[in-house]
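The structure appears below as structure tokens.
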There are 4 protein chains.
Amino acid sequence: MKVSIIGATGYAGAELLGILLNHPEVEVAHITSESQTGACISEIYPHLRGFYDKKLSSMTDISQFADSQAVFIALPHGHAMGIGKQLIEQGVKIIDLGADYRFRNEAVYEEWYKVSHTHLQSGAVYGLTELYREQIKEAKIVGSAGCYTTASILALAPLAKGGLIDVKSIVIDAKSGVSGAGRGLSLGNHFAEMFDNLKAYNIGGHRHTPEIEQALTELSGQEAIINFTPHLIPMSRGILSTCYANLKAGVTPEEVDQAFEELYSQEYFIRLLGRGGYPAVKNTRGSNFCDLGWHIDPRTNRVVVVSAIDNLVKGAAGQGVQNFNVMFGFQENAGLTKIALYP
Amino acid sequence: MKVSIIGATGYAGAELLGILLNHPEVEVAHITSESQTGACISEIYPHLRGFYDKKLSSMTDISQFADSQAVFIALPHGHAMGIGKQLIEQGVKIIDLGADYRFRNEAVYEEWYKVSHTHLQSGAVYGLTELYREQIKEAKIVGSAGCYTTASILALAPLAKGGLIDVKSIVIDAKSGVSGAGRGLSLGNHFAEMFDNLKAYNIGGHRHTPEIEQALTELSGQEAIINFTPHLIPMSRGILSTCYANLKAGVTPEEVDQAFEELYSQEYFIRLLGRGGYPAVKNTRGSNFCDLGWHIDPRTNRVVVVSAIDNLVKGAAGQGVQNFNVMFGFQENAGLTKIALYP
Amino acid sequence: MKVSIIGATGYAGAELLGILLNHPEVEVAHITSESQTGACISEIYPHLRGFYDKKLSSMTDISQFADSQAVFIALPHGHAMGIGKQLIEQGVKIIDLGADYRFRNEAVYEEWYKVSHTHLQSGAVYGLTELYREQIKEAKIVGSAGCYTTASILALAPLAKGGLIDVKSIVIDAKSGVSGAGRGLSLGNHFAEMFDNLKAYNIGGHRHTPEIEQALTELSGQEAIINFTPHLIPMSRGILSTCYANLKAGVTPEEVDQAFEELYSQEYFIRLLGRGGYPAVKNTRGSNFCDLGWHIDPRTNRVVVVSAIDNLVKGAAGQGVQNFNVMFGFQENAGLTKIALYP
Amino acid sequence: MKVSIIGATGYAGAELLGILLNHPEVEVAHITSESQTGACISEIYPHLRGFYDKKLSSMTDISQFADSQAVFIALPHGHAMGIGKQLIEQGVKIIDLGADYRFRNEAVYEEWYKVSHTHLQSGAVYGLTELYREQIKEAKIVGSAGCYTTASILALAPLAKGGLIDVKSIVIDAKSGVSGAGRGLSLGNHFAEMFDNLKAYNIGGHRHTPEIEQALTELSGQEAIINFTPHLIPMSRGILSTCYANLKAGVTPEEVDQAFEELYSQEYFIRLLGRGGYPAVKNTRGSNFCDLGWHIDPRTNRVVVVSAIDNLVKGAAGQGVQNFNVMFGFQENAGLTKIALYP
């Protein structure tokens with residue numbers, strides 16, 4: 001089965017290429033880049049030498065995708081919906097790793113992303129596989145979940161769904177490796193500036209906020225409004241999300257444990273470290289796993305859930321492939337059997 | 001003026017040596033270590049070669065401190081109070097960098113540290129200089145504030161003191177470089193394990209929790225019970241503390257700004273980055289500064305304060321020297337004029 | 001086909017487990033540890049959770065290996081030859097990742113390793129696959145090449161074999177990530193000590209020296225005596241080896257290029273970046289590739305060859321599996337199709 | 001005494017500001033930047049907040065320097081000689097941290113730097129203080145030595161001067177932290193690309209080569225032609241230079257030791273770790289020290305000298321201030337008494 005990748009030169013695109021290489025059912029037909037059209041991907045990413053010596057085409061030649069049953073889009077927000085609309089009209093299924101197809105209510109997208117949405121009512125399904133699997137099976141477009149959002153929603157979903165927490169009390173303090181900021185150059189991500197450094201950014205304004213709120217609102221049936229604070233950590237990959245919420249009166253520790261077990265015990269990619277467990281990003285590096293541990297502080301009656309993922313795998317390309325596998329009826333972990341690179 | 005250091009071979013002790021070297025009023029008389037008595041400090045820390053080629057003595061020879069007007073203690077908790085009692089009886093002033101003298105209520109110490117306190121009613125003053133300066137001037141014993149606590153209390157003090165926040169709603173998510181865990185070997189701090197890694201630890205149980213609560217309770221006049229979560233970050237030094245609290249109804253952003261200005265505008269070691277400011281640990285590395293920025297999220301009516309310090313300087317040795325300067329009437333920044341090593 | 005791993009709790013053992021998981025022809029039967037017998041491997045390495053929840057046995061129960069056609073040994077030097085002798089007598093084939101079976105002349109081993117050899121004339125073959133493939137096919141014991149040695153020998157083999165360099169003039173300056181020093185705790189590998197640090201060690205005395213000399217002597221037909229200097233670099237994985245040699249008079253750049261092409265153009269795991277190429281360890285991280293680039297300095301008539309590998313893959317576990325594949329007639333890259341984790 | 005800094009916004013310029021802040025004899029009058037004229041230096045480097053809230057002027061207003069007795073220039077090569085010529089005509093003394101004034105033979109400069117020299121026969125003195133102190137005392141222009149060159153020349157000077165090595169046999173393998181590449185953005189120095197990475201660059205062509213050769217030729221009285229290979233290491237600061245040379249026949253280890261002792265035993269900034277010593281960059285970080293250790297390999301009759309410095313201090317700004325102190329008769333370590341930031 002042939003698939004293509006639009007926007008193959010960013011980190012998520014490169015990760016996709018690495019994953020699909022070991023996918024038993026897939027061949028990559030076309031890879032595109034608007035800024036480096038005509039270049040060979042292995043010149044841009046020498047670690048791909050010998051595997052992908054393909055030339056990059058331009059996505060504007062829409063006819064090339066006729067041979068592809070699915071197209072992965074890894075473009076900055078605002079750029080997927082145009083090409084997406086054309087592809088859908090050609091009958092191609094889409095897995096978008098960006099934000100364009102993540103919101104049920106496009107007005108929320110427009111408010112946070114400051115872009116008019118041009119592909120309204122596309123029927124897109126939100127692509128956090130563990131929580132939206134049934135809908136993803138039927139979807140033609142999946143708006144694959146963001147990196148911070150995957151880590152944060154998976155951490156809180158059992159509690160929100162189980163009605164165990166006050167969804168107005170949620171504080172999410174998330175920490176990401178620098179690859180999350182992409183391959184574009186900036187002083188803040190210059191090695192000598194970011195090495196041995198640590199900082200918060202976009203407090204109160206990060207665009208993953210409404211995405212987390214959308215999911216927690218749906219899961220809990222109550223309007224969730226949260227505090228979300230992202231931080232940059234001096235490492236390449238990995239997200240740790242530390243999530244705080246007030247337990248509702250009378251909720252017991254056992255009920256909390258049970259909520260996690262019920263929702264996740266059958267999930268291949270979620271590893272429950274249990275109450276008192278401490279996920280570490282290194283145990284997920286390069287893999288599609290999400291590790292979860294939770295803690296209850298009786299002094300404040302708050303629950304603290306910690307989640308760890310690799311931002312480029314479960315937070316981007318890996319989850320995209322997981323969604324793709326669900327859409328096409330492949331084994332959900334096809335191409336995703338790598339364990340973490342440790343140490 | 002002669003001073004001595006008890007416990008000179010840990011990271012805080014070594015940092016003290018580096019600071020006192022450039023202190024215009026001080027000569028280091030004795031340095032001690034129980035595990036490496038007789039060794040030369042510059043064999044243990046080669047960066048001190050040529051500056052301190054002194055031999056380490058044992059603290060048990062209490063008479064050696066007769067020539068010292070002040071003694072800095074940098075021992076693990078539980079070990080300072082014994083020697084401290086003896087030194088006080090000899091008329092020596094003490095700056096303890098550990099936990100033994102930080103608590104007004106020794107029962108709190110005993111509960112969290114699982115040690116009986118043997119130097120009750122010592123008259124020790126809590127050594128967070130900016131907030132307890134007047135008492136430090138008169139003190140014979142100063143229990144210098146901890147690293148996480150310094151970063152966290154300085155961040156929240158203006159709001160607690162000003163009555164602007166609900167002190168029951170406080171969540172502190174703190175991140176520290178690995179030197180905070182000391183020089184003792186452990187698998188978790190083995191380079192290959194911790195590099196490119198990130199994790200939380202001691203959720204709900206870290207011993208800096210009651211220290212923060214003690215200060216915030218005193219400042220606010222209301223019992224503060226908080227959530228405090230420490231994290232290990234793959235860098236040598238530095239703490240970033242991200243502090244969340246609910247604003248009381250009707251508090252305006254300008255009142256928040258004013259609270260910071262009022263408390264800190266005359267403080268040499270506190271740099272206000274203002275509302276919307278983002279401290280970065282790299283700007284404080286190797287210096288005694290604390291950088292503060294704050295943010296108000298109108299959607300949740302929470303305030304988020306971010307503070308950055310160097311855990312071994314403002315969080316340990318530097319603050320110890322700052323307290324010492326206040327105790328002896330020296331210029332408060334004597335020996336502490338280094339700016340950050342950047343990049 | 002069943003295989004076992006003796007010494008599964010070191011970094012090389014853990015890497016082997018990760019690789020064999022994706023090997024299409026292999027099932028891991030037994031894993032051993034003398035220091036942690038009875039423990040579950042996934043408690044020791046949480047990234048293996050769900051994949052290997054096996055208990056560790058003791059290697060002293062030799063009968064357990066009766067079901068295994070091959071045993072990988074990942075023990076410190078001096079510990080493989082005893083168990084190795086017993087296994088061979090049982091008809092099990094051995095791939096040893098340590099030093100015990102690497103030397104044709106056991107006296108050299110004894111001189112550098114300060115251990116008496118107890119399994120003389122074992123018929124072991126040196127396990128640097130690309131250079132000794134034909135002998136490995138027939139071997140019952142393979143002494144898989146070391147990490148620094150693999151990087152260094154592969155860099156210089158074409159020139160030594162082609163007679164293009166003076167083998168008395170060789171200087172090898174090698175740099176390794178800290179995982180090369182193993183999982184055992186030491187102050188030098190404590191995170192806060194090694195982070196942001198860089199140093200040489202064992203100058204003139206590193207035990208990989210005679211191993212490199214053995215191979216270069218065989219390849220060139222002349223006694224090679226070299227300078228080898230290892231360095232520790234603040235990163236988890238990866239070796240970069242920078243190798244200098246005097247070109248023989250009259251050797252042209254084209255002859256140098258041709259020597260690399262001839263020896264390696266058909267090799268799957270060797271990627272030639274060509275004259276002027278600059279390997280970077282990140283392009284090999286987590287993969288079994290060795291990247292090579294070479295440079296000729298006409299001012300000094302020296303050739304400089306740079307090689308990059310992952311020390312735990314091509315430098316240890318990956319090469320062990322590559323040797324295993326050759327021994328048993330599997331496809332040489334079975335289980336080894338992962339590309340580098342980038343960035 | 002007033003001094004000014006031309007080119008204050010690069011890393012060397014910022015380091016100069018930090019050093020001069022603690023210099024007892026100096027006040028900084030003017031700081032310039034052509035790209036950020038009018039901006040406040042503490043906006044560009046927030047760690048300077050409160051110390052230097054000066055605005056950056058343009059160097060083209062030459063008259064502003066009339067109040068300065070000395071001007072430090074920290075511009076890219078090719079840019080110092082124009083302004084330098086004008087300043088000299090005004091009677092201002094110059095310490096240039098760049099390459100323009102480092103070469104006695106300007107033709108060598110022009111060949112390696114591809115720029116015409118416009119300030120010929122300026123009388124500039126080469127600014128490696130320990131080796132050229134007497135000339136620096138009288139100099140009006142000092143071309144302060146480069147970072148790699150300082151580490152490499154100091155390592156080999158005793159042996160070259162003592163006639164103990166064959167200067168045609170020298171191989172220098174140098175490793176630098178990424179700040180050495182400056183603050184300009186490039187993909188190679190993007191955090192996610194360089195973290196956990198390691199690579200050589202400019203083999204055979206780095207511009208520090210002729211500078212090292214110039215010094216070693218002068219010291220030895222014989223034409224030195226060397227191999228110099230720089231590498232980028234994933235850390236902010238620090239250079240380790242590993243230098244190899246053939247010992248002349250009959251040279252004894254004691255003669256080697258003596259050569260180091262004779263040349264350096266009185267030098268404040270050079271710390272001899274002795275034969276068998278292993279410098280580590282962390283012991284020099286943030287300080288102006290150069291640590292040296294040497295090793296003799298009897299098997300190859302080569303000497304291996306390892307040196308460690310901080311590239312921005314002894315390799316740039318610190319050495320500039322050391323030269324300045326010598327030029328003006330201040331104590332040589334004025335402003336330079338900081339020890340390393342450790343860990």
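Chains: A, B, ... in order of the structure tokens. Residues: from 1 per chain. Ligands: from 1, in order shown.
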Can you list every residue of chain C that has an atom at most 9 Å from chain D, with its nearest atom pair and the distance in Å to one decimal, using only C-alpha atoms, ordered by chain then number, as JSON lines?
{"residue": "C:Lys168", "atom": "CA", "partner": "D:Thr300", "partner_atom": "CA", "distance": 8.0}
{"residue": "C:Ser169", "atom": "CA", "partner": "D:Thr300", "partner_atom": "CA", "distance": 8.7}
{"residue": "C:Val171", "atom": "CA", "partner": "D:Tyr244", "partner_atom": "CA", "distance": 8.0}
{"residue": "C:Asp173", "atom": "CA", "partner": "D:Asp173", "partner_atom": "CA", "distance": 7.1}
{"residue": "C:Lys175", "atom": "CA", "partner": "D:Leu198", "partner_atom": "CA", "distance": 8.7}
{"residue": "C:Gly177", "atom": "CA", "partner": "D:Asp196", "partner_atom": "CA", "distance": 8.6}
{"residue": "C:Ala192", "atom": "CA", "partner": "D:Pro343", "partner_atom": "CA", "distance": 5.9}
{"residue": "C:Glu193", "atom": "CA", "partner": "D:Pro343", "partner_atom": "CA", "distance": 5.9}
{"residue": "C:Met194", "atom": "CA", "partner": "D:Lys282", "partner_atom": "CA", "distance": 8.2}
{"residue": "C:Phe195", "atom": "CA", "partner": "D:Met235", "partner_atom": "CA", "distance": 8.0}
{"residue": "C:Asp196", "atom": "CA", "partner": "D:Met235", "partner_atom": "CA", "distance": 5.1}
{"residue": "C:Asn197", "atom": "CA", "partner": "D:Lys282", "partner_atom": "CA", "distance": 5.0}
{"residue": "C:Leu198", "atom": "CA", "partner": "D:Val281", "partner_atom": "CA", "distance": 5.7}
{"residue": "C:Lys199", "atom": "CA", "partner": "D:Ala280", "partner_atom": "CA", "distance": 4.7}
{"residue": "C:Ala200", "atom": "CA", "partner": "D:Tyr278", "partner_atom": "CA", "distance": 6.5}
{"residue": "C:Tyr201", "atom": "CA", "partner": "D:Tyr278", "partner_atom": "CA", "distance": 6.8}
{"residue": "C:Ile203", "atom": "CA", "partner": "D:His295", "partner_atom": "CA", "distance": 7.0}
{"residue": "C:Gly204", "atom": "CA", "partner": "D:Asp297", "partner_atom": "CA", "distance": 5.6}
{"residue": "C:Gly205", "atom": "CA", "partner": "D:Asp297", "partner_atom": "CA", "distance": 8.6}
{"residue": "C:Ile225", "atom": "CA", "partner": "D:Thr300", "partner_atom": "CA", "distance": 6.8}
{"residue": "C:Ile226", "atom": "CA", "partner": "D:Thr300", "partner_atom": "CA", "distance": 6.8}
{"residue": "C:Asn227", "atom": "CA", "partner": "D:Thr300", "partner_atom": "CA", "distance": 6.9}
{"residue": "C:Thr229", "atom": "CA", "partner": "D:Thr242", "partner_atom": "CA", "distance": 8.7}
{"residue": "C:Ile233", "atom": "CA", "partner": "D:Ile233", "partner_atom": "CA", "distance": 7.3}
{"residue": "C:Pro234", "atom": "CA", "partner": "D:Pro234", "partner_atom": "CA", "distance": 6.8}
{"residue": "C:Met235", "atom": "CA", "partner": "D:Asp196", "partner_atom": "CA", "distance": 5.1}
{"residue": "C:Ser236", "atom": "CA", "partner": "D:Asp196", "partner_atom": "CA", "distance": 7.1}
{"residue": "C:Arg237", "atom": "CA", "partner": "D:Asp196", "partner_atom": "CA", "distance": 7.8}
{"residue": "C:Gly238", "atom": "CA", "partner": "D:Asn197", "partner_atom": "CA", "distance": 8.0}
{"residue": "C:Ile239", "atom": "CA", "partner": "D:Leu198", "partner_atom": "CA", "distance": 8.4}
{"residue": "C:Leu240", "atom": "CA", "partner": "D:Leu198", "partner_atom": "CA", "distance": 7.1}
{"residue": "C:Thr242", "atom": "CA", "partner": "D:Ala200", "partner_atom": "CA", "distance": 8.2}
{"residue": "C:Tyr244", "atom": "CA", "partner": "D:Val171", "partner_atom": "CA", "distance": 8.0}
{"residue": "C:Gly276", "atom": "CA", "partner": "D:Ile203", "partner_atom": "CA", "distance": 8.3}
{"residue": "C:Tyr278", "atom": "CA", "partner": "D:Ala200", "partner_atom": "CA", "distance": 6.5}
{"residue": "C:Pro279", "atom": "CA", "partner": "D:Lys199", "partner_atom": "CA", "distance": 6.5}
{"residue": "C:Ala280", "atom": "CA", "partner": "D:Lys199", "partner_atom": "CA", "distance": 4.8}
{"residue": "C:Val281", "atom": "CA", "partner": "D:Asn197", "partner_atom": "CA", "distance": 5.6}
{"residue": "C:Lys282", "atom": "CA", "partner": "D:Asn197", "partner_atom": "CA", "distance": 5.0}
{"residue": "C:Asn283", "atom": "CA", "partner": "D:Asn197", "partner_atom": "CA", "distance": 8.5}
{"residue": "C:His295", "atom": "CA", "partner": "D:Ile203", "partner_atom": "CA", "distance": 7.0}
{"residue": "C:Ile296", "atom": "CA", "partner": "D:Gly204", "partner_atom": "CA", "distance": 7.7}
{"residue": "C:Asp297", "atom": "CA", "partner": "D:Gly204", "partner_atom": "CA", "distance": 5.5}
{"residue": "C:Pro298", "atom": "CA", "partner": "D:Gly204", "partner_atom": "CA", "distance": 8.5}
{"residue": "C:Arg299", "atom": "CA", "partner": "D:Ile225", "partner_atom": "CA", "distance": 7.3}
{"residue": "C:Thr300", "atom": "CA", "partner": "D:Ile225", "partner_atom": "CA", "distance": 6.8}
{"residue": "C:Arg302", "atom": "CA", "partner": "D:Asn227", "partner_atom": "CA", "distance": 7.9}
{"residue": "C:Val304", "atom": "CA", "partner": "D:Ile203", "partner_atom": "CA", "distance": 7.9}
{"residue": "C:Val306", "atom": "CA", "partner": "D:Ala200", "partner_atom": "CA", "distance": 7.8}
{"residue": "C:Ala308", "atom": "CA", "partner": "D:Lys199", "partner_atom": "CA", "distance": 8.6}
{"residue": "C:Tyr342", "atom": "CA", "partner": "D:Glu193", "partner_atom": "CA", "distance": 8.2}
{"residue": "C:Pro343", "atom": "CA", "partner": "D:Glu193", "partner_atom": "CA", "distance": 5.9}
**Item:** Backbone-only DSSP, strand (DSSP E or B) members of segment 175-205 of chain D, as a ChimeraX atom specification
**Value:** /D:175-177,190,199-200
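A straight line drawn from atom CA of Pro158 of chain C to atom CA of Phe260 of chain C is 5.4 Å long.
From atom CA of Ser33 of chain D back to atom CA of Thr60 of chain D, the distance works out to 9.8 Å.
What separates atom CA of Gly188 of chain B from atom CA of Thr9 of chain C is a distance of 15.5 Å.
The list of residues with at least one atom within 12 Å of Glu254 of chain B, based on only C-alpha atoms and without residues fewer than 3 positions apart in the same chain, reads B:Leu164, B:Gly250, B:Val251, B:Asp257, B:Gln258, B:Ala259, B:Phe260, B:Glu261, B:Glu262, B:Gly274, B:Arg275, B:Trp294, B:His295, B:Ile296.
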**Asked** Skipping near chain neighbours, those fewer than 2 positions away, what residues fall within 12 Å of Gly184 of chain A using only C-alpha atoms, listed as an MDAnalysis selection string?
**Response** (chainID A and resid 9:11 76 178:182 186:190) or (chainID D and resid 185:193)
Any chance you can output those residues with C-alpha atoms as a short mmCIF file (atom, residue, chain, number, x, y, z; two decimals), in the first residue's frame?
data_model
loop_
_atom_site.label_atom_id
_atom_site.label_comp_id
_atom_site.auth_asym_id
_atom_site.auth_seq_id
_atom_site.Cartn_x
_atom_site.Cartn_y
_atom_site.Cartn_z
CA THR A 9 11.64 17.85 6.02
CA GLY A 10 10.54 18.84 9.51
CA TYR A 11 11.36 16.65 12.48
CA PRO A 76 2.68 24.22 10.04
CA VAL A 178 13.82 21.21 22.26
CA SER A 179 12.94 19.23 19.13
CA GLY A 180 9.37 20.23 19.96
CA ALA A 181 10.26 23.72 18.77
CA GLY A 182 11.06 22.39 15.31
CA SER A 186 16.01 30.91 16.50
CA LEU A 187 18.28 32.44 19.10
CA GLY A 188 16.35 30.73 21.87
CA ASN A 189 17.11 27.34 20.38
CA HIS A 190 20.73 28.07 19.52
CA LEU D 185 22.44 31.01 13.96
CA SER D 186 23.17 27.93 11.86
CA LEU D 187 21.54 24.53 11.49
CA GLY D 188 24.68 22.83 12.74
CA ASN D 189 24.45 24.74 16.02
CA HIS D 190 20.70 24.40 16.43
CA PHE D 191 20.11 22.79 19.81
CA ALA D 192 18.31 19.67 18.64
CA GLU D 193 20.96 19.03 15.98
#
**Prompt:** DSSP on the backbone: what in segment 127-209 of chain B comes out helix (DSSP H, G or I), as a ChimeraX atom specification?
**Reply:** /B:129-138,147-161,178-181,187-189,191-194,208-209
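The residue set within 7 Å of segment 65-69 of chain A, counting only C-alpha atoms and dropping same-chain residues fewer than 4 places from it, reads Lys2, Val3, Ser4, Ala29, Val92 and Lys93 of chain A.
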Go ahead and save the residues from that selection, with N, CA and C atoms, as a CSV table (one decimal), in the first residue's frame.
chain,number,residue,atom,x,y,z
A,2,LYS,N,0.5,2.2,-0.9
A,2,LYS,CA,1.3,3.4,-1.0
A,2,LYS,C,0.8,4.5,-0.2
A,3,VAL,N,1.7,5.2,0.5
A,3,VAL,CA,1.3,6.4,1.2
A,3,VAL,C,2.3,7.5,0.8
A,4,SER,N,1.9,8.8,1.1
A,4,SER,CA,2.8,9.9,0.8
A,4,SER,C,2.9,10.8,2.0
A,29,ALA,N,5.5,6.6,-1.3
A,29,ALA,CA,5.5,6.9,-2.7
A,29,ALA,C,6.1,8.3,-3.0
A,92,VAL,N,-8.5,10.5,-1.2
A,92,VAL,CA,-7.4,10.1,-0.4
A,92,VAL,C,-7.7,10.3,1.1
A,93,LYS,N,-7.3,9.4,1.9
A,93,LYS,CA,-7.5,9.6,3.4
A,93,LYS,C,-6.3,10.4,3.9
**Message:** Need to verify the contact set: segment 287-290 of chain B, 6 Å, only C-alpha atoms, exclusion of same-chain residues closer than 3 positions in sequence. Can you return it as an MDAnalysis selection string?
**Reply:** chainID B and resid 269:270 284 308:309 313:314 318 338:340
Write a file of the selected residues as a compact mmCIF listing (two decimals), in the first residue's frame, keeping N, CA, C and O atoms.
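again36.txt written:
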# COMPACT_ATOMS: atom_id res chain seq x y z
N PHE B 269 19.62 41.62 44.98
CA PHE B 269 19.73 40.29 44.38
C PHE B 269 18.44 39.80 43.72
O PHE B 269 18.36 38.66 43.27
N ILE B 270 17.43 40.64 43.72
CA ILE B 270 16.19 40.23 43.05
C ILE B 270 15.98 41.11 41.84
O ILE B 270 16.00 42.33 41.94
N THR B 284 21.07 33.24 35.62
CA THR B 284 21.46 33.32 37.04
C THR B 284 22.64 32.40 37.38
O THR B 284 23.16 32.49 38.48
N ALA B 308 13.85 31.99 38.95
CA ALA B 308 15.06 31.26 38.58
C ALA B 308 16.19 31.65 39.51
O ALA B 308 16.38 32.84 39.80
N ILE B 309 16.90 30.64 39.99
CA ILE B 309 18.09 30.88 40.80
C ILE B 309 19.15 29.83 40.45
O ILE B 309 18.85 28.85 39.77
N VAL B 313 24.16 28.70 44.64
CA VAL B 313 24.52 30.05 45.06
C VAL B 313 23.36 30.63 45.86
O VAL B 313 23.29 30.46 47.08
N LYS B 314 22.40 31.28 45.22
CA LYS B 314 21.27 31.83 45.99
C LYS B 314 20.55 30.72 46.74
O LYS B 314 19.96 30.96 47.79
N GLY B 318 25.71 30.99 48.37
CA GLY B 318 25.62 32.45 48.19
C GLY B 318 24.70 33.08 49.22
O GLY B 318 25.03 34.10 49.84
N LYS B 338 29.73 38.45 41.46
CA LYS B 338 29.82 37.75 40.17
C LYS B 338 28.49 37.79 39.43
O LYS B 338 27.43 37.59 40.03
N ILE B 339 28.56 38.03 38.14
CA ILE B 339 27.35 37.88 37.34
C ILE B 339 27.34 36.46 36.76
O ILE B 339 28.30 35.71 36.91
N ALA B 340 26.26 36.13 36.12
CA ALA B 340 26.12 34.77 35.60
C ALA B 340 27.17 34.46 34.55
O ALA B 340 27.62 35.34 33.81
**Polymer residues at most 12 Å from Cys40 of chain C, only C-alpha atoms, same-chain spacing of 4 or more positions, as number ranges by chain** = C: 8-9, 30-33, 36, 44-46, 48-57
